[in-house]
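The structure under discussion appears below in the form of structure tokens.
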Amino acid sequence: MAGYMLEVEGVVKSFDGFKALNGVNLSVEKGEIVGLVGPNGCGKTTLVNVVSGIYRPDMGKICLDGKDITHMPTHKRVLHGINRTFQVPKPLSDMTVEENIDLAWHFGGKDNLARSSVLERTNLSETKYKVASMLTAAQQKRLDLARALATNPKVLFVDELGAGLSPSELSDIATMLKEIADTGVALVVVEHLLGFLESLTSRVVVLDAGKEIFEGRLKEAVKDERVIEVFLGG
Amino acid sequence: MLFEYAIVAGVLFGLFYSFLSIGLNLVFGVQRIVNLAHGDVIMIGGFASWELYYTYHLSPLISVLVVIPPAVLAGYVIYRLVAGPLSRAKDPEMLSLILFFGISQILEAIVTIVLGNNQRSLPSGAVISRPVQFLGQNYPGVWWIVAATSVPMIGLILLYLYKTKLGTATRAIMSDAVEAAAVGIDVRKVSAITFGVGLGITASVGAVAPFMLGGVDPSEGVNLTILAFAVIVIGSLGNIAGTVVGGVIFGLALELTQLYIPSWSSLIPYALLLLVLIVKPSGVLGRRLRSA
Amino acid sequence: MDRPTVIDTVKGEPKERQRFVFKQLLKRKNVVDLLGLLIPVVAFSFAPHFYSNEILLISMMIYIALAQGVNVIYGLTGYLPFGYVGFYGVGAYGTSLAILDLHVAPEIAIVIGGLVSAILALVLTPLLKLSGSYFAIATLATAEALYALIANPSLKNITQGPYGINIGAVYSSGGSYVVAVVLLGLSILTVVVIKRSRLGLALRAIRNDPVSASLSGVNVVLERTKAWVVAAAIAGLAGGVFAWTITIFYPSAVFDISISVFAIVFALFGGVGTTFGPIVGAVVLYGLYSYIGVTQPQYFQLIFGVIIVIFVLFLPKGVAGIANALIRRFRMRTIREEA
């Protein structure tokens, strides 16, 4: 496995005949930030769902830090160190922020981060006792991030975290993500907002129709023929 | 000899069971409404048929059609009343489950209060008084008549779903309600009509049910509901044509157990339902239209 | 703002947490739950002095226990066990057969009854993978299947088949009353403890969003199973208590679906997810039932049906919800007046 923290090999996933993932490959090293981009419907979110165990792949393999997690149930994967956030946050709405974190802390494995630290790093300490359904959209996104963080993941998939945020909120979150990556967590940032992505990383993987079509620096990606065609609908 | 008898009886009853369950498939499979009052609607249809026969000498075969309009209307009204709370709920399926359970209790209570607790049965002479011979065996004529009635009624539903505008709209809503609304379908109205149709066909089978079940009484509602669920789950939920497959499998299973291990035959509906739910929730026809 | 009621297990957190825990015991929520446990237990313990119909009192205690069992399953996991009575019947039979075949003391037999139900619940865990409505119907089918199984004439030699059970030899009105009170206390205590435990936290999370819960590391099926087994055990013990109380019964008495229905309605009416709710629901509604329902079952069924519809549509939090809303409004008004 050549020391990759996460290896996705040849994953195929179909839904009622529609091939959402067509033998996609992805490798992520420890502590690196990788962007995952592609036009709508290219399979980004499906890939995140397959990696986090919400769907099982029809074919292919997923290895986390050397361990084959392809067929593991979601909660087991979380214990092994992989987590993700949601495009539309799914907080535990009737529970307070503190309880949301408590849950992940209790169940997310033995080497968890202290809860106060998680709350601080996602700037939620002030809203500890607020019920999750009363949070603003940006706060809910941070709560989702905090939940994932609390399980001390080695790899974290961040699904369109930037969507709907104001420029100042965006730069706050970018700083948060960079700090997280600095602690050794590998980040896969699924994004539409290329500007936001640029502030985080230079390595990017472009997906189209369920397969990677470009891997390399963001600056090169925007000049690549295939990428342009795919985004502008050739 | 007995084996062939069981097979033929199984198919005849199977068609009846399909007819009995198709309304529930429409309502649950298409609309995600768990109508626990299904059995009670059948029972009301049976009581209505009984009343019409003994008071107006109306043949149950005519009642089959007569009970439809009032049932459709009732279904439409009920749906409009409950649609609001259901659409706002976090879990509409569970809500409908409890709600219609409550309604079933109300229906059973009202019927018992107004019409008494006794089982009502219809003499088969109302429809046909001599046995029918088939492949050298005698069968109660009534079974053939009811089976023969079931086929066109099921056919009517299929026709409605696949050949009429309303039916197509219904299927559109089933596969994607949001998309359906986007193309201009009045989801609320069509859904209400669908529910009405579901109740209509259920009351309809109730009209002839006394012939096949030995009679109808208010407390039988629950068992009939479970039976209907078993049939539609076996035949794949949401798959209307599959109801026929489910019904026939169910009918055959019942008849064969009654033949070979009679004291255990009462377990069949439950055992079949559990077996399918645990082993293959998508049913015999496989296409998973709703995840269990 | 109220402090959360999660008492966490110490995982190397600073000592101030432990003092915090002790102060929590005196917090309002805990006092309420403590009262919820003590008041019924004390009341029922002394009730025979004032009211001689012990069978009625025992039946009420049994229904409170069953309602709390429904509370555990439905209130905490959102899964509605229509076939809850299956565990009750199995518990009754497990207890009776333990007395008849194994000759153990009734108290032990009741525990065996609870165990048998718990084991049955474990066997039935595949049902928990089904979605809510399928689950409800599947449990209903299971309960009916158990009834058809146990009452089957072919099994006469094991279960006495349709002829019923007779354990009159061990009849003891005092003994059965005591175990009924113990059952009452145990069932309420179970709810109180679970609400404060990790299991309770996990179940609330699962009820909110199972996917998010699993991404927090919660094994959704396992936690649901725990609640399921606990609820089944309560029903099994309740069935055992019933068996010892009445000592002669037919299978239809312990597999009657209306027992599930009552338990569910009591819990819904009183308010699921609370400690007091099911107690209030059972006492009020069962009291009403024994007053008028026994002679007029149809009218009672009608009232029940109407209650279900109204509460489901308009009062999902039950009586407890109404009470809480009133208390909150009263407190707001006093706060405003003080300001």
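A note on labels: chains of the structure tokens are A, B, ... as shown, every chain counts residues from 1, and ligands are counted from 1 in their shown order.
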
Find the nearest atom pair between each residue of chain C and chain B for residues within 9 Å, count only C-alpha atoms, give distances in Å to one decimal, sort rows by chain and ascending number, and present the table as CSV.
residue,atom,partner,partner_atom,distance
C:Gly78,CA,B:Met94,CA,8.6
C:Tyr79,CA,B:Met94,CA,8.4
C:Leu80,CA,B:Met94,CA,8.1
C:Pro126,CA,B:Ile278,CA,6.6
C:Leu127,CA,B:Ile278,CA,6.9
C:Lys129,CA,B:Ala292,CA,8.1
C:Leu130,CA,B:Ala292,CA,5.2
C:Ser131,CA,B:Ala292,CA,5.4
C:Gly132,CA,B:Met94,CA,6.2
C:Ser133,CA,B:Met94,CA,5.6
C:Tyr134,CA,B:Ala292,CA,6.5
C:Phe135,CA,B:Ala292,CA,8.7
C:Ala136,CA,B:Leu97,CA,8.5
C:Ile137,CA,B:Ile226,CA,7.4
C:Ala138,CA,B:Leu274,CA,6.2
C:Thr139,CA,B:Leu274,CA,8.9
C:Leu140,CA,B:Ile226,CA,8.1
C:Ala141,CA,B:Tyr270,CA,4.9
C:Thr142,CA,B:Tyr270,CA,6.6
C:Ala143,CA,B:Tyr270,CA,8.9
C:Glu144,CA,B:Tyr270,CA,7.1
C:Ala145,CA,B:Leu267,CA,5.6
C:Leu146,CA,B:Leu267,CA,8.7
C:Ala148,CA,B:Leu267,CA,6.0
C:Leu149,CA,B:Leu267,CA,7.3
C:Asn152,CA,B:Ser263,CA,7.0
C:Pro153,CA,B:Ser263,CA,7.4
C:Ser154,CA,B:Ser263,CA,7.0
C:Pro297,CA,B:Ala109,CA,8.5
C:Gln298,CA,B:Ala109,CA,5.0
C:Tyr299,CA,B:Ala109,CA,6.6
C:Phe300,CA,B:Ala109,CA,8.1
C:Gln301,CA,B:Ala109,CA,5.7
C:Leu302,CA,B:Ile106,CA,4.8
C:Ile303,CA,B:Ile106,CA,7.7
C:Phe304,CA,B:Gln105,CA,7.3
C:Gly305,CA,B:Gly102,CA,4.3
C:Val306,CA,B:Gly102,CA,6.6
C:Ile307,CA,B:Gly102,CA,7.8
C:Ile308,CA,B:Gly102,CA,5.2
C:Val309,CA,B:Leu99,CA,5.4
C:Ile310,CA,B:Leu99,CA,8.7
C:Val312,CA,B:Leu99,CA,6.5
C:Leu313,CA,B:Pro85,CA,6.5
C:Phe314,CA,B:Pro85,CA,8.7

Which polymer residues have any atom within 8 Å of an atom of segment 214-218 of chain C, counting only C-alpha atoms, with same-chain residues fewer than 2 positions away left out, as a list in words?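 Final neighbour list, sorted by chain and number: Thr74, His75, Lys76, Val78, Leu79, Asn83, Arg84, Leu103, Ala104, Trp105, Phe107, Gly108, Gly109, Arg147, Ala148 and Thr151 of chain A; Ala202, Pro210, Val211, Ser212, Val220 and Glu223 of chain C.
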
Emit the selected residues as a PDB file, in the first residue's frame, including N, CA and C atoms.
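out-v2.pdb, freshly written:
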ATOM      1  N   THR A  74     -20.658   1.446   8.759  1.00  0.00           N
ATOM      2  CA  THR A  74     -20.193   2.813   8.968  1.00  0.00           C
ATOM      3  C   THR A  74     -19.519   3.030  10.315  1.00  0.00           C
ATOM      4  N   HIS A  75     -20.178   2.590  11.390  1.00  0.00           N
ATOM      5  CA  HIS A  75     -19.630   2.926  12.702  1.00  0.00           C
ATOM      6  C   HIS A  75     -18.252   2.305  12.913  1.00  0.00           C
ATOM      7  N   LYS A  76     -18.036   1.141  12.293  1.00  0.00           N
ATOM      8  CA  LYS A  76     -16.725   0.501  12.439  1.00  0.00           C
ATOM      9  C   LYS A  76     -15.657   1.301  11.709  1.00  0.00           C
ATOM     10  N   VAL A  78     -15.685   4.443  11.259  1.00  0.00           N
ATOM     11  CA  VAL A  78     -15.409   5.634  12.067  1.00  0.00           C
ATOM     12  C   VAL A  78     -14.385   5.304  13.139  1.00  0.00           C
ATOM     13  N   LEU A  79     -14.534   4.133  13.740  1.00  0.00           N
ATOM     14  CA  LEU A  79     -13.587   3.729  14.773  1.00  0.00           C
ATOM     15  C   LEU A  79     -12.199   3.516  14.196  1.00  0.00           C
ATOM     16  N   ASN A  83     -13.953   9.716   8.510  1.00  0.00           N
ATOM     17  CA  ASN A  83     -15.224  10.374   8.762  1.00  0.00           C
ATOM     18  C   ASN A  83     -15.532  11.366   7.654  1.00  0.00           C
ATOM     19  N   ARG A  84     -16.743  11.936   7.696  1.00  0.00           N
ATOM     20  CA  ARG A  84     -17.113  12.873   6.638  1.00  0.00           C
ATOM     21  C   ARG A  84     -18.128  13.853   7.167  1.00  0.00           C
ATOM     22  N   LEU A 103     -21.720  12.584  22.201  1.00  0.00           N
ATOM     23  CA  LEU A 103     -22.030  11.315  21.554  1.00  0.00           C
ATOM     24  C   LEU A 103     -20.815  10.793  20.810  1.00  0.00           C
ATOM     25  N   ALA A 104     -20.249  11.664  19.962  1.00  0.00           N
ATOM     26  CA  ALA A 104     -19.090  11.245  19.178  1.00  0.00           C
ATOM     27  C   ALA A 104     -17.931  10.911  20.099  1.00  0.00           C
ATOM     28  N   TRP A 105     -17.816  11.640  21.163  1.00  0.00           N
ATOM     29  CA  TRP A 105     -16.731  11.421  22.110  1.00  0.00           C
ATOM     30  C   TRP A 105     -16.876  10.070  22.788  1.00  0.00           C
ATOM     31  N   PHE A 107     -18.656   7.433  21.733  1.00  0.00           N
ATOM     32  CA  PHE A 107     -18.722   6.264  20.874  1.00  0.00           C
ATOM     33  C   PHE A 107     -17.648   6.234  19.804  1.00  0.00           C
ATOM     34  N   GLY A 108     -16.934   7.337  19.636  1.00  0.00           N
ATOM     35  CA  GLY A 108     -16.061   7.402  18.479  1.00  0.00           C
ATOM     36  C   GLY A 108     -14.701   6.774  18.646  1.00  0.00           C
ATOM     37  N   GLY A 109     -14.493   6.033  19.676  1.00  0.00           N
ATOM     38  CA  GLY A 109     -13.188   5.382  19.793  1.00  0.00           C
ATOM     39  C   GLY A 109     -12.461   5.798  21.047  1.00  0.00           C
ATOM     40  N   ARG A 147     -18.349  17.187  15.035  1.00  0.00           N
ATOM     41  CA  ARG A 147     -18.756  15.809  15.262  1.00  0.00           C
ATOM     42  C   ARG A 147     -17.748  14.865  14.639  1.00  0.00           C
ATOM     43  N   ALA A 148     -17.373  15.179  13.392  1.00  0.00           N
ATOM     44  CA  ALA A 148     -16.414  14.313  12.723  1.00  0.00           C
ATOM     45  C   ALA A 148     -15.051  14.361  13.421  1.00  0.00           C
ATOM     46  N   THR A 151     -14.181  12.269  16.640  1.00  0.00           N
ATOM     47  CA  THR A 151     -13.841  10.856  16.563  1.00  0.00           C
ATOM     48  C   THR A 151     -12.383  10.656  16.159  1.00  0.00           C
TER      49      THR A 151
ATOM     50  N   ALA C 202     -27.232   7.447  23.005  1.00  0.00           N
ATOM     51  CA  ALA C 202     -27.171   6.839  21.671  1.00  0.00           C
ATOM     52  C   ALA C 202     -28.565   6.703  21.073  1.00  0.00           C
ATOM     53  N   PRO C 210     -30.190   8.469  12.327  1.00  0.00           N
ATOM     54  CA  PRO C 210     -29.370   7.256  12.451  1.00  0.00           C
ATOM     55  C   PRO C 210     -28.042   7.366  11.703  1.00  0.00           C
ATOM     56  N   VAL C 211     -28.040   8.072  10.565  1.00  0.00           N
ATOM     57  CA  VAL C 211     -26.794   8.147   9.797  1.00  0.00           C
ATOM     58  C   VAL C 211     -25.756   8.972  10.550  1.00  0.00           C
ATOM     59  N   SER C 212     -26.189  10.127  11.050  1.00  0.00           N
ATOM     60  CA  SER C 212     -25.262  10.941  11.846  1.00  0.00           C
ATOM     61  C   SER C 212     -24.785  10.169  13.055  1.00  0.00           C
ATOM     62  N   VAL C 220     -25.717   1.434  15.422  1.00  0.00           N
ATOM     63  CA  VAL C 220     -27.159   1.673  15.532  1.00  0.00           C
ATOM     64  C   VAL C 220     -27.934   0.405  15.864  1.00  0.00           C
ATOM     65  N   GLU C 223     -27.346  -0.785  19.532  1.00  0.00           N
ATOM     66  CA  GLU C 223     -28.008   0.001  20.579  1.00  0.00           C
ATOM     67  C   GLU C 223     -29.518  -0.224  20.551  1.00  0.00           C
TER      68      GLU C 223
END

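You will find atom CA of Ile154 of chain B at 11.6 Å from atom CA of Gly247 of chain B.
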
Check every residue of chain A for an atom within 12 Å of chain B, counting only C-alpha atoms, and provide those that qualify as a list in words. Phe15, Asp16 and Ser93 of chain A

Using only C-alpha atoms, which residues sit within 7 Å of Pro89 of chain A once same-chain residues fewer than 5 positions away are excluded, as a compact mmCIF listing (two decimals) with C-alpha atoms, in the first residue's frame?
# COMPACT_ATOMS: atom_id res chain seq x y z
CA GLN A 140 -24.46 23.77 11.91
CA LYS A 141 -21.70 23.18 9.40
CA ASP A 144 -20.94 18.71 11.64

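With only C-alpha atoms as the atoms that count, the minimum distance from chain A to the choices C:Ile234, C:Ile259, C:Ile108, C:Leu222 is reached by C:Leu222.
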
Leaving out Ser166 of chain A and any residue of its chain fewer than 6 positions from it, which residues lie within 12 Å of it when counting only C-alpha atoms, given as number ranges by chain? A: 137-138, 172-173, 196

Now that the selection is made, can you save its residues with C-alpha atoms as a PDB file, in the first residue's frame?
ATOM      1  CA  ALA A 137     -26.412  27.375   8.932  1.00  0.00           C
ATOM      2  CA  ALA A 138     -22.739  28.199   9.367  1.00  0.00           C
ATOM      3  CA  ASP A 172     -12.782  31.201   8.940  1.00  0.00           C
ATOM      4  CA  ILE A 173     -13.560  27.687   7.849  1.00  0.00           C
ATOM      5  CA  PHE A 196     -11.959  28.381  -1.567  1.00  0.00           C
TER       6      PHE A 196
END

Would you give me, as a ChimeraX atom specification, the residues in segment 111-290 of chain C that DSSP reads as strand (DSSP E or B)? /C:165-166,248-249

Write out as a list in words which residues come within 9 Å of segment 6-12 of chain B when counting only C-alpha atoms, dropping same-chain ones fewer than 6 positions away.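 Once the nearby chain positions are removed, what remains is Phe134, Tyr139, Trp143, Trp144, Val146, Ala147, Ala148, Gly247, Val248, Ile249, Phe250, Gly251, Leu252, Ala253, Leu254, Glu255, Leu256, Gln258 and Leu259 of chain B.
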
Using DSSP on the backbone, list every residue of segment 112-258 of chain B that comes out as helix (DSSP H, G or I), and give them as JSON, numbers by chain. {"B": [112, 113, 114, 115, 124, 125, 126, 141, 142, 143, 144, 145, 146, 147, 148, 149, 150, 151, 152, 153, 154, 155, 156, 157, 158, 159, 160, 161, 162, 163, 165, 166, 167, 168, 169, 170, 171, 172, 173, 174, 175, 177, 178, 179, 180, 181, 182, 187, 188, 189, 190, 191, 192, 193, 194, 195, 196, 197, 198, 199, 200, 201, 202, 203, 204, 205, 206, 207, 208, 209, 210, 211, 212, 213, 218, 219, 220, 221, 222, 223, 224, 225, 226, 227, 228, 229, 230, 231, 232, 233, 234, 242, 243, 244, 245, 246, 247, 248, 249, 250, 251, 252, 253, 254, 255, 256, 257, 258]}

Could you tell me how far atom CA of Arg130 of chain B sits from atom CA of Gly206 of chain B, in Å to one decimal place? 22.6 Å

Using only C-alpha atoms, which of the listed residues (A:Leu64, A:Met72, A:Val222, A:Leu193) sits closest to chain C?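 Between A:Leu64, A:Met72, A:Val222, A:Leu193, the residue approaching chain C most closely is A:Met72.
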
Do a neighbour search on Ile213 of chain A at 8 Å with only C-alpha atoms, toss out local chain neighbours closer than 3 positions, and write the hits as number ranges by chain. A: 205-208, 226-227

Find, counting only C-alpha atoms, the residue in A:Asp65, A:Glu191, A:Glu126, A:Glu99 that gets nearest to chain C.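 Result for the nearest residue to chain C: A:Glu99.
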
Residue nearest chain A among C:Val221, C:Val32, C:Val104, C:Val70 (counting only C-alpha atoms):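 Result for the nearest residue to chain A: C:Val221.
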
What lies within 10 Å of segment 21-24 of chain A using only C-alpha atoms, ignoring chain neighbours under 3 positions off, as a compact mmCIF listing (two decimals) with N, CA, C and O atoms, in the first residue's frame?
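What follows is the written file result02.txt:
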# COMPACT_ATOMS: atom_id res chain seq x y z
N VAL A 8 -8.45 4.20 -2.58
CA VAL A 8 -9.70 3.76 -3.22
C VAL A 8 -9.33 3.19 -4.56
O VAL A 8 -8.70 3.86 -5.38
N GLU A 9 -9.64 1.91 -4.78
CA GLU A 9 -9.23 1.24 -6.01
C GLU A 9 -10.40 0.69 -6.79
O GLU A 9 -11.12 -0.17 -6.30
N GLY A 10 -10.56 1.19 -8.00
CA GLY A 10 -11.52 0.59 -8.91
C GLY A 10 -12.94 0.46 -8.40
O GLY A 10 -13.60 -0.54 -8.64
N VAL A 11 -13.42 1.46 -7.70
CA VAL A 11 -14.75 1.34 -7.10
C VAL A 11 -15.83 1.62 -8.13
O VAL A 11 -15.82 2.60 -8.84
N VAL A 12 -16.77 0.68 -8.20
CA VAL A 12 -17.91 0.79 -9.10
C VAL A 12 -19.17 0.81 -8.25
O VAL A 12 -19.31 0.03 -7.32
N LYS A 13 -20.08 1.74 -8.58
CA LYS A 13 -21.36 1.77 -7.86
C LYS A 13 -22.45 2.16 -8.83
O LYS A 13 -22.40 3.22 -9.44
N SER A 14 -23.47 1.29 -8.94
CA SER A 14 -24.60 1.58 -9.82
C SER A 14 -25.88 1.71 -9.02
O SER A 14 -26.04 1.06 -7.99
N PHE A 15 -26.77 2.53 -9.53
CA PHE A 15 -28.10 2.65 -8.92
C PHE A 15 -29.12 2.38 -10.00
O PHE A 15 -29.28 3.18 -10.92
N PHE A 18 -27.94 2.99 -13.41
CA PHE A 18 -27.11 4.17 -13.65
C PHE A 18 -25.79 4.02 -12.92
O PHE A 18 -25.75 3.83 -11.71
N CYS A 42 -21.14 14.09 -11.21
CA CYS A 42 -19.96 13.31 -11.59
C CYS A 42 -19.66 12.20 -10.61
O CYS A 42 -18.81 11.37 -10.86
N GLY A 43 -20.35 12.19 -9.47
CA GLY A 43 -20.13 11.09 -8.54
C GLY A 43 -19.38 11.48 -7.29
O GLY A 43 -19.02 10.60 -6.51
N LYS A 44 -19.15 12.78 -7.09
CA LYS A 44 -18.37 13.20 -5.91
C LYS A 44 -19.03 12.73 -4.63
O LYS A 44 -18.40 12.06 -3.80
N THR A 46 -21.40 10.56 -4.23
CA THR A 46 -21.52 9.10 -4.17
C THR A 46 -20.23 8.50 -3.65
O THR A 46 -20.24 7.58 -2.83
N LEU A 47 -19.11 9.06 -4.12
CA LEU A 47 -17.83 8.54 -3.66
C LEU A 47 -17.70 8.72 -2.15
O LEU A 47 -17.29 7.80 -1.43
N VAL A 50 -19.82 6.19 -0.46
CA VAL A 50 -19.27 4.83 -0.49
C VAL A 50 -18.12 4.71 0.50
O VAL A 50 -18.01 3.74 1.24
N PRO A 57 -19.92 -0.61 -2.30
CA PRO A 57 -19.60 -0.61 -3.72
C PRO A 57 -19.95 -1.95 -4.37
O PRO A 57 -19.96 -2.98 -3.70
N ASP A 58 -20.25 -1.90 -5.65
CA ASP A 58 -20.50 -3.15 -6.37
C ASP A 58 -19.18 -3.86 -6.64
O ASP A 58 -19.10 -5.07 -6.70
N MET A 59 -18.15 -3.05 -6.86
CA MET A 59 -16.83 -3.64 -7.12
C MET A 59 -15.78 -2.69 -6.56
O MET A 59 -16.02 -1.49 -6.42
N GLY A 60 -14.59 -3.23 -6.31
CA GLY A 60 -13.51 -2.33 -5.92
C GLY A 60 -13.12 -2.49 -4.47
O GLY A 60 -13.69 -3.28 -3.73
N LYS A 61 -12.13 -1.71 -4.07
CA LYS A 61 -11.56 -1.88 -2.74
C LYS A 61 -11.29 -0.52 -2.10
O LYS A 61 -10.90 0.42 -2.79
N LEU A 207 -13.12 14.72 -11.20
CA LEU A 207 -13.95 13.55 -11.44
C LEU A 207 -14.95 13.86 -12.55
O LEU A 207 -15.48 14.98 -12.62
N ASP A 208 -15.22 12.86 -13.39
CA ASP A 208 -16.32 13.03 -14.33
C ASP A 208 -16.95 11.68 -14.61
O ASP A 208 -16.22 10.71 -14.85
N ALA A 209 -18.25 11.62 -14.60
CA ALA A 209 -18.98 10.37 -14.87
C ALA A 209 -18.39 9.21 -14.09
O ALA A 209 -18.19 8.13 -14.60
N GLY A 210 -18.10 9.45 -12.81
CA GLY A 210 -17.68 8.37 -11.95
C GLY A 210 -16.25 7.91 -12.12
O GLY A 210 -15.88 6.84 -11.65
N LYS A 211 -15.41 8.69 -12.77
CA LYS A 211 -14.02 8.28 -12.92
C LYS A 211 -13.12 9.51 -12.86
O LYS A 211 -13.49 10.60 -13.28
N GLU A 212 -11.91 9.32 -12.34
CA GLU A 212 -11.00 10.45 -12.26
C GLU A 212 -10.42 10.73 -13.65
O GLU A 212 -10.03 9.82 -14.36
N ILE A 213 -10.44 11.99 -14.05
CA ILE A 213 -9.90 12.32 -15.37
C ILE A 213 -8.67 13.22 -15.30
O ILE A 213 -8.01 13.45 -16.30

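Distances from C:Leu201, C:Ala231, C:Val294, C:Ile257 to chain A were compared using only C-alpha atoms, and the smallest one belongs to C:Leu201.
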